[in-house]
>>> print(open('model-v3.cif').read())   # mmCIF, C-alpha atoms and all ligand atoms
data_entry
loop_
_atom_site.label_atom_id
_atom_site.label_comp_id
_atom_site.auth_asym_id
_atom_site.auth_seq_id
_atom_site.Cartn_x
_atom_site.Cartn_y
_atom_site.Cartn_z
CA MET Y 23 115.46 153.32 39.74
CA ARG Y 24 115.19 151.92 43.25
CA SER Y 25 118.33 152.48 45.26
CA SER Y 26 119.04 149.77 47.80
CA LEU Y 27 121.52 151.94 49.68
CA ILE Y 28 119.07 153.81 51.86
CA GLN Y 29 117.84 152.32 55.09
CA THR Y 30 114.42 153.86 55.77
CA ARG Y 31 114.01 154.59 59.46
CA SER Y 32 110.74 155.43 61.23
CA ILE Y 33 110.27 157.49 64.34
CA VAL Y 34 106.93 157.50 66.14
CA VAL Y 35 106.02 161.10 66.97
CA ASP Y 36 103.16 162.52 69.02
CA PRO Y 37 101.00 164.33 66.42
CA GLU Y 38 100.01 167.12 68.82
CA ARG Y 39 103.26 167.64 70.75
CA PRO Y 40 106.10 166.34 68.59
CA ASP Y 41 109.38 165.51 70.29
CA PRO Y 42 111.85 168.31 69.39
CA ALA Y 43 114.72 165.79 69.15
CA ALA Y 44 112.89 163.82 66.45
CA ILE Y 45 112.03 167.01 64.57
CA LYS Y 46 115.66 168.18 64.77
CA GLU Y 47 116.88 164.86 63.41
CA ALA Y 48 114.43 165.12 60.50
CA ALA Y 49 115.43 168.71 59.80
CA THR Y 50 119.10 167.70 59.73
CA ILE Y 51 118.33 165.14 57.02
CA LEU Y 52 116.46 167.77 54.98
CA GLU Y 53 119.31 170.23 55.52
CA ALA Y 54 121.69 167.68 53.98
CA GLY Y 55 119.49 167.27 50.89
CA GLY Y 56 117.70 164.11 52.09
CA LEU Y 57 114.04 163.06 52.03
CA VAL Y 58 111.71 162.89 55.03
CA ALA Y 59 108.11 161.66 54.90
CA PHE Y 60 105.90 163.42 57.42
CA PRO Y 61 102.21 163.64 58.27
CA THR Y 62 100.07 166.65 57.47
CA GLU Y 63 96.38 166.89 58.36
CA THR Y 64 95.48 165.80 54.80
CA VAL Y 65 97.87 163.02 53.75
CA TYR Y 66 101.55 162.17 54.37
CA GLY Y 67 103.99 164.27 52.36
CA LEU Y 68 107.37 163.31 50.89
CA GLY Y 69 109.46 166.29 51.88
CA ALA Y 70 112.67 167.92 50.65
CA ASP Y 71 114.20 171.38 51.05
CA ALA Y 72 112.17 173.40 48.52
CA THR Y 73 115.09 175.75 47.84
CA SER Y 74 117.41 172.92 46.74
CA ALA Y 75 116.98 171.71 43.16
CA GLY Y 76 119.05 168.61 43.91
CA ALA Y 77 116.98 167.58 46.92
CA VAL Y 78 113.73 168.18 45.06
CA GLY Y 79 115.02 166.11 42.14
CA ARG Y 80 115.19 163.15 44.50
CA ILE Y 81 111.45 163.48 45.22
CA PHE Y 82 110.65 162.99 41.53
CA GLN Y 83 113.02 160.00 41.39
CA ALA Y 84 111.62 158.35 44.51
CA LYS Y 85 108.01 158.77 43.38
CA GLY Y 86 108.62 157.97 39.72
CA ARG Y 87 106.77 161.22 39.14
CA PRO Y 88 106.77 162.85 35.70
CA PRO Y 89 108.76 166.11 35.82
CA SER Y 90 105.71 167.89 34.35
CA ASN Y 91 103.74 167.60 37.61
CA PRO Y 92 104.47 170.50 40.03
CA LEU Y 93 104.99 170.06 43.78
CA ILE Y 94 103.26 171.89 46.62
CA VAL Y 95 105.57 174.04 48.77
CA HIS Y 96 104.81 174.00 52.50
CA VAL Y 97 105.41 177.11 54.61
CA ASP Y 98 105.08 177.98 58.30
CA GLY Y 99 103.24 181.24 57.76
CA ALA Y 100 102.73 184.35 55.66
CA ASP Y 101 106.34 185.62 55.90
CA MET Y 102 107.82 182.42 54.51
CA ALA Y 103 105.07 182.33 51.89
CA ARG Y 104 106.02 185.83 50.77
CA SER Y 105 109.66 184.77 50.45
CA CYS Y 106 108.56 182.28 47.79
CA LEU Y 107 106.72 184.87 45.68
CA ALA Y 108 107.76 187.14 42.82
CA ASP Y 109 105.91 189.95 44.52
CA PRO Y 110 106.04 189.63 48.33
CA ASN Y 111 103.52 192.43 48.63
CA VAL Y 112 100.46 190.31 48.03
CA SER Y 113 97.08 191.94 47.42
CA PRO Y 114 94.66 192.38 50.32
CA GLU Y 115 92.45 189.70 48.74
CA VAL Y 116 95.28 187.16 48.81
CA ALA Y 117 96.25 188.14 52.37
CA ARG Y 118 92.65 187.70 53.42
CA LEU Y 119 92.43 184.23 51.88
CA TRP Y 120 95.66 183.19 53.65
CA ASP Y 121 94.30 184.57 56.87
CA ARG Y 122 91.05 182.75 56.54
CA TRP Y 123 92.26 179.34 55.44
CA TRP Y 124 95.78 178.94 56.84
CA PRO Y 125 96.86 176.85 58.55
CA GLY Y 126 94.71 174.31 56.75
CA PRO Y 127 93.99 172.11 53.75
CA VAL Y 128 94.11 174.79 51.02
CA THR Y 129 96.96 175.35 48.54
CA PHE Y 130 97.17 178.73 46.82
CA VAL Y 131 98.91 179.09 43.44
CA LEU Y 132 100.77 182.37 42.90
CA GLU Y 133 103.70 183.68 40.82
CA LYS Y 134 106.96 182.35 42.27
CA SER Y 135 110.27 184.00 43.10
CA SER Y 136 113.65 182.64 41.94
CA ARG Y 137 114.13 181.25 45.46
CA ILE Y 138 111.96 178.34 44.34
CA PRO Y 139 113.85 176.35 41.67
CA ASP Y 140 112.06 175.53 38.41
CA VAL Y 141 112.16 171.79 39.11
CA VAL Y 142 109.74 172.33 42.03
CA THR Y 143 107.09 173.90 39.82
CA ALA Y 144 107.68 171.75 36.73
CA GLY Y 145 108.95 174.79 34.88
CA SER Y 146 105.89 176.85 35.69
CA ARG Y 147 106.25 180.45 36.82
CA THR Y 148 103.71 179.77 39.53
CA VAL Y 149 104.08 177.93 42.81
CA GLY Y 150 101.47 176.19 44.97
CA LEU Y 151 101.86 177.24 48.62
CA ARG Y 152 100.26 175.69 51.68
CA MET Y 153 100.61 176.26 55.40
CA PRO Y 154 99.64 172.95 56.99
CA ARG Y 155 97.90 172.73 60.35
CA SER Y 156 99.66 169.58 61.56
CA PRO Y 157 102.03 170.42 64.47
CA ILE Y 158 104.58 167.90 63.15
CA ALA Y 159 104.64 169.51 59.71
CA LEU Y 160 104.83 173.03 61.14
CA ALA Y 161 107.60 172.10 63.58
CA LEU Y 162 109.60 170.51 60.77
CA ILE Y 163 109.33 173.59 58.52
CA GLN Y 164 110.31 175.82 61.44
CA ALA Y 165 113.27 173.62 62.38
CA LEU Y 166 114.55 173.70 58.79
CA GLY Y 167 113.85 177.42 58.55
CA ARG Y 168 113.03 177.02 54.87
CA PRO Y 169 109.98 175.92 52.85
CA ILE Y 170 109.50 172.20 52.29
CA ALA Y 171 108.41 170.84 48.90
CA ALA Y 172 106.21 167.80 49.41
CA PRO Y 173 103.88 165.84 47.18
CA SER Y 174 101.85 163.01 48.67
CA ALA Y 175 104.26 160.29 49.84
CA ASN Y 176 103.20 157.55 47.42
CA ARG Y 177 104.64 156.22 44.16
CA SER Y 178 103.28 158.21 41.22
CA THR Y 179 99.66 157.29 40.30
CA GLY Y 180 99.21 155.24 43.48
CA VAL Y 181 96.81 155.78 46.36
CA SER Y 182 97.84 158.62 48.70
CA PRO Y 183 99.10 157.63 52.17
CA THR Y 184 97.19 158.45 55.34
CA ARG Y 185 99.37 156.27 57.61
CA ALA Y 186 103.12 155.75 57.96
CA GLU Y 187 102.62 152.09 56.93
CA HIS Y 188 101.28 153.24 53.56
CA VAL Y 189 104.41 155.33 53.04
CA ARG Y 190 106.69 152.42 53.84
CA LYS Y 191 104.76 150.14 51.50
CA ASP Y 192 105.52 152.46 48.57
CA LEU Y 193 108.81 154.16 49.47
CA ASP Y 194 110.83 151.77 51.64
CA GLY Y 195 114.50 152.17 50.70
CA LEU Y 196 113.83 155.44 48.87
CA VAL Y 197 113.46 157.84 51.78
CA GLU Y 198 115.77 158.38 54.77
CA LEU Y 199 113.14 158.88 57.45
CA ILE Y 200 109.41 158.52 58.07
CA LEU Y 201 107.93 160.56 60.90
CA ASP Y 202 105.07 158.38 62.08
CA GLY Y 203 102.38 160.60 63.55
CA GLY Y 204 99.57 158.05 63.20
CA PRO Y 205 96.59 158.35 60.87
CA THR Y 206 95.96 161.77 59.33
CA SER Y 207 92.84 163.61 60.47
CA ILE Y 208 91.27 164.80 57.19
CA GLY Y 209 92.41 162.08 54.82
CA LEU Y 210 92.05 163.81 51.42
CA GLU Y 211 94.54 166.10 49.63
CA SER Y 212 94.21 169.88 49.92
CA THR Y 213 92.01 172.03 47.74
CA VAL Y 214 94.24 173.77 45.13
CA VAL Y 215 93.19 177.31 44.23
CA ASP Y 216 94.81 179.40 41.49
CA LEU Y 217 95.10 183.05 42.53
CA THR Y 218 97.06 184.28 39.52
CA GLY Y 219 94.03 185.38 37.49
CA GLN Y 220 91.25 187.89 37.93
CA ILE Y 221 89.22 185.47 39.98
CA PRO Y 222 90.24 182.47 42.13
CA ARG Y 223 89.98 179.15 40.31
CA VAL Y 224 89.77 175.78 41.97
CA LEU Y 225 92.28 173.50 40.19
CA ARG Y 226 91.71 170.51 42.46
CA VAL Y 227 88.63 170.00 44.64
CA GLY Y 228 89.42 169.14 48.23
CA PRO Y 229 88.39 169.32 51.88
CA ILE Y 230 87.40 172.99 51.54
CA THR Y 231 84.72 173.14 48.87
CA GLU Y 232 84.24 175.77 46.19
CA SER Y 233 81.08 177.00 47.87
CA GLU Y 234 82.88 177.41 51.22
CA LEU Y 235 85.60 179.42 49.53
CA ARG Y 236 82.96 181.50 47.79
CA THR Y 237 80.51 182.13 50.61
CA ARG Y 238 83.12 183.07 53.19
CA ASP Y 239 84.81 185.53 50.87
CA GLU Y 240 83.04 188.86 50.93
CA PRO Y 241 82.78 190.42 47.47
CA THR Y 242 85.16 193.31 46.84
CA PRO Y 243 84.06 196.15 44.54
CA GLY Y 244 85.62 195.84 41.10
CA ARG Y 245 86.78 192.30 41.63
CA SER Y 246 84.63 189.24 41.34
CA THR Y 247 85.26 186.64 44.01
CA ALA Y 248 83.29 183.98 42.20
CA ILE Y 249 85.25 180.78 41.77
CA ALA Y 250 85.79 180.14 38.09
CA GLU Y 251 85.02 176.84 36.47
CA ARG Y 252 87.73 174.28 37.05
CA PRO Y 253 90.18 174.05 34.15
CA ALA Y 254 92.47 171.14 33.36
CA SER Y 255 95.45 171.17 35.74
CA PRO Y 256 98.72 169.29 35.85
CA GLY Y 257 98.46 166.04 37.75
CA GLN Y 258 94.72 165.97 37.47
CA ALA Y 259 94.48 163.19 34.89
CA ARG Y 260 91.88 160.44 35.23
CA VAL Y 261 93.28 157.32 36.91
CA HIS Y 262 95.72 159.31 38.95
CA TYR Y 263 95.08 157.98 42.44
CA ALA Y 264 94.36 154.38 41.48
CA PRO Y 265 94.76 151.20 43.49
CA ARG Y 266 96.77 148.48 41.77
CA THR Y 267 93.69 146.23 41.85
CA PRO Y 268 91.42 146.87 38.84
CA THR Y 269 88.75 149.15 40.24
CA TYR Y 270 85.36 149.75 38.65
CA TRP Y 271 82.89 152.57 39.21
CA VAL Y 272 79.36 151.11 39.25
CA GLU Y 273 76.26 153.22 39.85
CA PRO Y 274 73.75 151.60 42.23
CA ALA Y 275 71.23 151.17 39.43
CA ASP Y 276 73.72 149.07 37.48
CA LEU Y 277 74.78 146.82 40.37
CA GLY Y 278 72.00 144.30 39.87
CA ARG Y 279 72.76 144.01 36.17
CA VAL Y 280 76.36 142.93 36.51
CA ALA Y 281 78.04 139.70 37.47
CA LEU Y 282 81.75 139.52 38.15
CA ARG Y 283 84.10 136.55 38.32
CA GLY Y 284 87.01 136.11 40.69
CA ARG Y 285 87.76 137.38 44.18
CA GLY Y 286 85.94 140.65 44.46
CA GLY Y 287 85.79 143.57 46.84
CA LEU Y 288 82.85 145.91 47.25
CA LEU Y 289 83.19 149.46 48.53
CA VAL Y 290 79.90 151.27 49.09
CA VAL Y 291 80.21 154.98 49.82
CA GLY Y 292 77.51 157.34 51.06
CA ARG Y 293 74.62 154.92 50.73
CA ARG Y 294 72.63 152.57 52.89
CA MET Y 295 72.54 149.49 50.75
CA GLY Y 296 71.41 145.92 51.37
CA SER Y 297 73.09 142.84 49.99
CA VAL Y 298 74.13 142.69 46.35
CA ALA Y 299 73.42 139.94 43.85
CA TRP Y 300 77.01 138.85 43.28
CA SER Y 301 79.30 137.21 45.78
CA HIS Y 302 82.32 139.09 47.07
CA ASP Y 303 85.17 138.41 49.47
CA ARG Y 304 85.30 141.81 51.13
CA ARG Y 305 82.74 144.54 51.63
CA ILE Y 306 83.29 147.94 53.23
CA ASP Y 307 80.64 150.62 53.72
CA LEU Y 308 81.52 154.25 54.38
CA GLU Y 309 78.31 156.10 55.15
CA GLU Y 310 79.16 159.52 56.53
CA PRO Y 311 81.24 162.10 54.56
CA VAL Y 312 83.80 163.19 57.18
CA GLU Y 313 84.51 159.63 58.28
CA ALA Y 314 84.54 158.48 54.66
CA ALA Y 315 87.17 161.12 53.82
CA ARG Y 316 89.33 160.14 56.78
CA ARG Y 317 89.17 156.43 56.03
CA LEU Y 318 88.95 156.32 52.23
CA TYR Y 319 92.64 155.86 51.36
CA ASP Y 320 93.23 153.49 54.27
CA VAL Y 321 90.37 151.35 52.98
CA LEU Y 322 91.70 151.48 49.41
CA HIS Y 323 95.19 150.47 50.61
CA ASP Y 324 93.64 147.67 52.65
CA LEU Y 325 91.58 146.40 49.70
CA GLU Y 326 94.59 146.71 47.40
CA ASP Y 327 96.58 144.52 49.79
CA SER Y 328 93.82 141.90 49.99
CA ARG Y 329 94.79 140.01 46.82
CA LEU Y 330 91.47 140.70 45.16
CA ASP Y 331 90.94 140.28 41.42
CA PHE Y 332 88.78 143.36 41.21
CA LEU Y 333 87.15 146.05 43.27
CA VAL Y 334 83.70 147.52 42.67
CA VAL Y 335 83.10 151.01 43.99
CA VAL Y 336 79.55 152.23 44.42
CA PRO Y 337 80.01 156.02 44.48
CA PRO Y 338 78.17 158.38 46.81
CA PRO Y 339 75.32 160.54 45.47
CA ALA Y 340 76.25 163.60 43.38
CA GLU Y 341 75.75 166.04 46.25
CA PRO Y 342 78.06 168.87 47.37
CA GLU Y 343 79.15 167.16 50.60
CA TRP Y 344 80.39 164.18 48.58
CA GLU Y 345 82.06 166.10 45.72
CA THR Y 346 85.69 165.56 46.72
CA ILE Y 347 85.21 161.90 47.52
CA ARG Y 348 83.44 161.37 44.18
CA ASP Y 349 86.35 163.13 42.47
CA ARG Y 350 88.98 160.87 44.09
CA LEU Y 351 86.93 157.70 43.51
CA TRP Y 352 86.39 158.69 39.88
CA ARG Y 353 90.14 159.04 39.42
CA ALA Y 354 90.75 155.70 41.16
CA SER Y 355 88.41 153.77 38.90
CA ARG Y 356 87.02 153.15 35.45
CA PRO Y 357 83.41 152.62 34.53
CA LEU Y 358 82.50 148.93 34.31
CA GLU Y 359 79.66 149.27 31.88
CA GLY Y 360 80.33 149.11 28.18
CA THR Y 361 83.89 147.78 28.42
CA GLY Y 362 84.60 144.68 26.42
CA SER Y 363 88.21 144.45 27.51
CA ILE Y 364 87.96 143.57 31.18
CA GLU Y 365 90.16 140.57 31.82
CA GLU Y 366 89.83 140.26 35.55
CA ALA Y 367 86.08 140.58 35.66
CA THR Y 368 83.35 139.78 33.24
CA LEU Y 369 80.36 141.95 32.68
CA ILE Y 370 77.18 140.11 31.95
CA GLU Y 371 74.23 142.15 30.75
CA GLU Y 372 70.86 140.69 31.46
O1 LIG A 401 97.21 167.87 50.87
C1 LIG A 401 98.05 167.98 49.99
O2 LIG A 401 97.95 168.82 49.08
C2 LIG A 401 99.26 167.04 50.04
C3 LIG A 401 100.05 167.36 51.31
C4 LIG A 401 101.33 166.57 51.40
O3 LIG A 401 100.28 168.75 51.37
N1 LIG A 401 100.07 167.19 48.88
C5 LIG A 401 99.69 166.73 47.64
O4 LIG A 401 100.64 166.93 46.66
O5 LIG A 401 98.63 166.20 47.43
P1 LIG A 401 100.59 166.25 45.22
O6 LIG A 401 101.91 166.50 44.61
O7 LIG A 401 100.18 164.84 45.32
O8 LIG A 401 99.54 167.10 44.42
C6 LIG A 401 99.86 168.43 44.10
C7 LIG A 401 98.98 168.95 43.02
C8 LIG A 401 99.58 168.75 41.64
O9 LIG A 401 99.19 167.54 41.08
C9 LIG A 401 99.02 169.92 40.89
O10 LIG A 401 97.77 169.56 40.35
C10 LIG A 401 98.81 170.99 41.93
O11 LIG A 401 98.89 170.36 43.18
N2 LIG A 401 99.83 172.04 41.83
C11 LIG A 401 100.98 172.20 42.55
N3 LIG A 401 101.66 173.28 42.15
C12 LIG A 401 100.94 173.84 41.15
C13 LIG A 401 101.13 174.96 40.29
N4 LIG A 401 102.20 175.74 40.38
N5 LIG A 401 100.18 175.20 39.36
C14 LIG A 401 99.09 174.41 39.24
N6 LIG A 401 98.86 173.33 40.00
C15 LIG A 401 99.77 173.03 40.94
MG MG A 402 99.57 162.95 44.98
#
>>> encode(input="model-v3.cif", output="structure tokens", more="lines below")
Ligand code: TXA
Ligand code: MG
Amino acid sequence: MRSSLIQTRSIVVDPERPDPAAIKEAATILEAGGLVAFPTETVYGLGADATSAGAVGRIFQAKGRPPSNPLIVHVDGADMARSCLADPNVSPEVARLWDRWWPGPVTFVLEKSSRIPDVVTAGSRTVGLRMPRSPIALALIQALGRPIAAPSANRSTGVSPTRAEHVRKDLDGLVELILDGGPTSIGLESTVVDLTGQIPRVLRVGPITESELRTRDEPTPGRSTAIAERPASPGQARVHYAPRTPTYWVEPADLGRVALRGRGGLLVVGRRMGSVAWSHDRRIDLEEPVEAARRLYDVLHDLEDSRLDFLVVVPPPAEPEWETIRDRLWRASRPLEGTGSIEEATLIEE
């Protein structure tokens, strides 16, 4: 339920050299069990003291997030990471992965210690740990002196925020403070890698691809470093990161065969494409993968706010450099073809 008691304040913070006074103020709120939204290099997080079950409970309330979906715990380095683990003496393989990818957009899942309450991990014995690169995020964790649990700072199932304005749109009145560090630099959520089994498993594709994780990890005798096939993971359901506007995934080959009624938006990703046969009110093209990643959620928020009846997404080609963007677009949309139940748009087969 939305509480009208909280006044959500914003403080603009330099993303490279954050003002210590602003960080201290944010840490004081976290210390008292409050919520602070802050930028990381991937997306904005909705943070609470990860060692406080009560504070973390407020994250689930504010997001409307099902209690079955675990949160990522953010740390300022290996020592704090160890303090969250059942066995602080991590294997050399784990230490090497931390060394290689932290700080950065990779979350590692390991067996948790009792310091991390069960509510954080949705009852799981494992915890997802990430050391972010963003100076604001790192300064905040250091100022609190404890790990910070933070999912993306959006209402559950909505589009992740890459700007402070996106956070306010979703969570105004539900969070005490938003640290506004401007647009995030990467723009897509971290890669989640499970390290609890014999071999690392990617649970969520992200900015660091499976092949990068594989090729930069030298094989160790007796232990395969191959990345296992991705299993189902909590929070990885289809239509998880969806805009509120009905959004349809349409392959380029099908574009000419469809006609849609109403105010439409067209988002073309990873392709050079001429005009399309149907009229639309907005069109955005994202051609290059790094820029597409950085801008994708901003564009989706923008299109969602444009009072469109529908949005057609033309996905990028099925190539490794586009994998994460295809994954997020797939979750944001449904296929247009073959559906007889589309109210907002009508599919007309030739
Ligand atoms: O880049 C990011 O990862 C951002 C920033 C704020 O760090 N956070 C983020 O959190 O995207 P969230 O809650 O939107 O997604 C976290 C996902 C969960 O949906 C789940 O799939 C996975 O991470 N996860 C977290 N803890 C896990 C665990 N113990 N076991 C398996 N999966 C876990
Ligand atoms: Mg999320």
>>> closest_atom_pairs(input="model-v3.cif", of="stretch 316-356 of chain Y", to="stretch 271-288 of chain Y", cutoff="10 Å", atoms="all atoms listed in the file", output="JSON lines")
{"residue": "Y:Leu325", "atom": "CA", "partner": "Y:Gly287", "partner_atom": "CA", "distance": 7.1}
{"residue": "Y:Glu326", "atom": "CA", "partner": "Y:Gly287", "partner_atom": "CA", "distance": 9.4}
{"residue": "Y:Ser328", "atom": "CA", "partner": "Y:Gly287", "partner_atom": "CA", "distance": 8.8}
{"residue": "Y:Arg329", "atom": "CA", "partner": "Y:Arg285", "partner_atom": "CA", "distance": 8.0}
{"residue": "Y:Leu330", "atom": "CA", "partner": "Y:Arg285", "partner_atom": "CA", "distance": 5.1}
{"residue": "Y:Asp331", "atom": "CA", "partner": "Y:Arg285", "partner_atom": "CA", "distance": 5.1}
{"residue": "Y:Phe332", "atom": "CA", "partner": "Y:Gly286", "partner_atom": "CA", "distance": 5.1}
{"residue": "Y:Leu333", "atom": "CA", "partner": "Y:Gly287", "partner_atom": "CA", "distance": 4.6}
{"residue": "Y:Val334", "atom": "CA", "partner": "Y:Leu288", "partner_atom": "CA", "distance": 4.9}
{"residue": "Y:Val335", "atom": "CA", "partner": "Y:Trp271", "partner_atom": "CA", "distance": 5.0}
{"residue": "Y:Val336", "atom": "CA", "partner": "Y:Val272", "partner_atom": "CA", "distance": 5.3}
{"residue": "Y:Pro337", "atom": "CA", "partner": "Y:Glu273", "partner_atom": "CA", "distance": 6.6}
{"residue": "Y:Pro338", "atom": "CA", "partner": "Y:Glu273", "partner_atom": "CA", "distance": 8.9}
{"residue": "Y:Pro339", "atom": "CA", "partner": "Y:Glu273", "partner_atom": "CA", "distance": 9.3}
{"residue": "Y:Leu351", "atom": "CA", "partner": "Y:Trp271", "partner_atom": "CA", "distance": 7.8}
{"residue": "Y:Trp352", "atom": "CA", "partner": "Y:Trp271", "partner_atom": "CA", "distance": 7.1}
{"residue": "Y:Arg353", "atom": "CA", "partner": "Y:Trp271", "partner_atom": "CA", "distance": 9.7}
{"residue": "Y:Ala354", "atom": "CA", "partner": "Y:Trp271", "partner_atom": "CA", "distance": 8.7}
{"residue": "Y:Ser355", "atom": "CA", "partner": "Y:Trp271", "partner_atom": "CA", "distance": 5.7}
{"residue": "Y:Arg356", "atom": "CA", "partner": "Y:Trp271", "partner_atom": "CA", "distance": 5.6}
>>> residues_near_point(input="model-v3.cif", point="(107.8, 177.2, 39.4)", cutoff="12 Å", atoms="only C-alpha atoms", output="ChimeraX atom specification")
/Y:72-73,75,89-95,106-108,131-151,171
>>> residues_near_ligand(input="model-v3.cif", ligand="ligand MG 402 (chain A)", cutoff="8 Å", atoms="all atoms listed in the file", output="ChimeraX atom specification")
/Y:173-176,178-182,211,257,263
>>> write_last_selection(input="model-v3.cif", atoms="C-alpha atoms", output="PDB file, in the frame of the given file")
ATOM      1  CA  PRO Y 173     103.880 165.840  47.180  1.00  0.00           C
ATOM      2  CA  SER Y 174     101.850 163.010  48.670  1.00  0.00           C
ATOM      3  CA  ALA Y 175     104.260 160.290  49.840  1.00  0.00           C
ATOM      4  CA  ASN Y 176     103.200 157.550  47.420  1.00  0.00           C
ATOM      5  CA  SER Y 178     103.280 158.210  41.220  1.00  0.00           C
ATOM      6  CA  THR Y 179      99.660 157.290  40.300  1.00  0.00           C
ATOM      7  CA  GLY Y 180      99.210 155.240  43.480  1.00  0.00           C
ATOM      8  CA  VAL Y 181      96.810 155.780  46.360  1.00  0.00           C
ATOM      9  CA  SER Y 182      97.840 158.620  48.700  1.00  0.00           C
ATOM     10  CA  GLU Y 211      94.540 166.100  49.630  1.00  0.00           C
ATOM     11  CA  GLY Y 257      98.460 166.040  37.750  1.00  0.00           C
ATOM     12  CA  TYR Y 263      95.080 157.980  42.440  1.00  0.00           C
TER      13      TYR Y 263
END
>>> closest_atom_pairs(input="model-v3.cif", of="stretch 78-175 of chain Y", to="stretch 204-209 of chain Y", cutoff="12 Å", atoms="only C-alpha atoms", output="Markdown table")
| residue | atom | partner | partner_atom | distance |
| --- | --- | --- | --- | --- |
| Y:Gly126 | CA | Y:Ile208 | CA | 10.1 |
| Y:Pro127 | CA | Y:Ile208 | CA | 8.5 |
| Y:Pro154 | CA | Y:Ile208 | CA | 11.7 |
| Y:Arg155 | CA | Y:Ser207 | CA | 10.4 |
| Y:Ser156 | CA | Y:Thr206 | CA | 8.9 |
| Y:Pro157 | CA | Y:Thr206 | CA | 11.8 |
| Y:Ile158 | CA | Y:Gly204 | CA | 11.1 |
| Y:Ala159 | CA | Y:Thr206 | CA | 11.6 |
| Y:Ser174 | CA | Y:Gly209 | CA | 11.3 |
>>> atom_distance(input="model-v3.cif", atom1="atom CA of Y:Tyr270", atom2="atom CA of Y:Val290")
11.9 Å
>>> residues_around(input="model-v3.cif", residues="Y:Ala172", least_positions_apart="4", cutoff="6 Å", atoms="all atoms listed in the file", output="mmCIF file with C-alpha atoms, keeping the file's coordinate frame")
data_model
loop_
_atom_site.group_PDB
_atom_site.id
_atom_site.type_symbol
_atom_site.label_atom_id
_atom_site.label_comp_id
_atom_site.auth_asym_id
_atom_site.auth_seq_id
_atom_site.Cartn_x
_atom_site.Cartn_y
_atom_site.Cartn_z
ATOM 1 C CA GLY Y 67 103.990 164.270 52.360
ATOM 2 C CA LEU Y 68 107.370 163.310 50.890
ATOM 3 C CA GLY Y 69 109.460 166.290 51.880
ATOM 4 C CA ILE Y 94 103.260 171.890 46.620
#
>>> closest_residue(input="model-v3.cif", among="Y:Ala117, Y:Leu196, Y:Ile81, Y:Val298", to="ligand LIG 401 (chain A)", atoms="only C-alpha atoms and all ligand atoms")
Y:Ile81
>>> closest_residue(input="model-v3.cif", among="Y:Pro125, Y:Pro311, Y:Pro61, Y:Gly79", to="ligand LIG 401 (chain A)", atoms="all atoms listed in the file")
Y:Pro61
>>> residues_around(input="model-v3.cif", residues="Y:Ala100", least_positions_apart="6", cutoff="9 Å", atoms="only C-alpha atoms", output="list in words")
Ala117, Trp120, Asp121, Trp124 and Met153 of chain Y
>>> atom_distance(input="model-v3.cif", atom1="atom CA of Y:His96", atom2="atom CA of Y:Arg152")
4.9 Å
>>> closest_residue(input="model-v3.cif", among="Y:Val112, Y:Val97, Y:Ile45, Y:Val214", to="ligand LIG 401 (chain A)", atoms="only C-alpha atoms and all ligand atoms")
Y:Val214
>>> atom_distance(input="model-v3.cif", atom1="atom CA of Y:Leu210", atom2="atom O5 of ligand LIG 401 (chain A)")
8.1 Å
>>> axis_aligned_box(input="model-v3.cif", around="ligand LIG 401 (chain A)", padding_each_side="4 Å", output="lines of an AutoDock Vina configuration file")
center_x = 99.7
center_y = 170.3
center_z = 45.3
size_x = 13.0
size_y = 18.9
size_z = 20.2
>>> closest_residue(input="model-v3.cif", among="Y:Arg317, Y:Arg293, Y:Arg177, Y:His302", to="Y:Gly86", atoms="only C-alpha atoms")
Y:Arg177
>>> residues_around(input="model-v3.cif", residues="Y:Glu198", least_positions_apart="2", cutoff="12 Å", atoms="all atoms listed in the file", output="PyMOL selection string")
chain Y and resi 25-33+47-52+54-60+68-70+80-81+84+189-190+193-196+200-201
>>> closest_residue(input="model-v3.cif", among="Y:Ala299, Y:Leu160, Y:Val65, Y:Val227", to="ligand LIG 401 (chain A)", atoms="only C-alpha atoms and all ligand atoms")
Y:Val65
>>> closest_residue(input="model-v3.cif", among="Y:Pro222, Y:Met102, Y:Val321, Y:Glu232", to="Y:Arg305", atoms="all atoms listed in the file")
Y:Val321
>>> residues_around(input="model-v3.cif", residues="Y:Leu318", least_positions_apart="3", cutoff="9 Å", atoms="only C-alpha atoms", output="list of chain:residue names")
Y:Gly209, Y:Leu210, Y:Leu308, Y:Glu313, Y:Ala314, Y:Ala315, Y:Val321, Y:Leu322, Y:His323, Y:Ile347
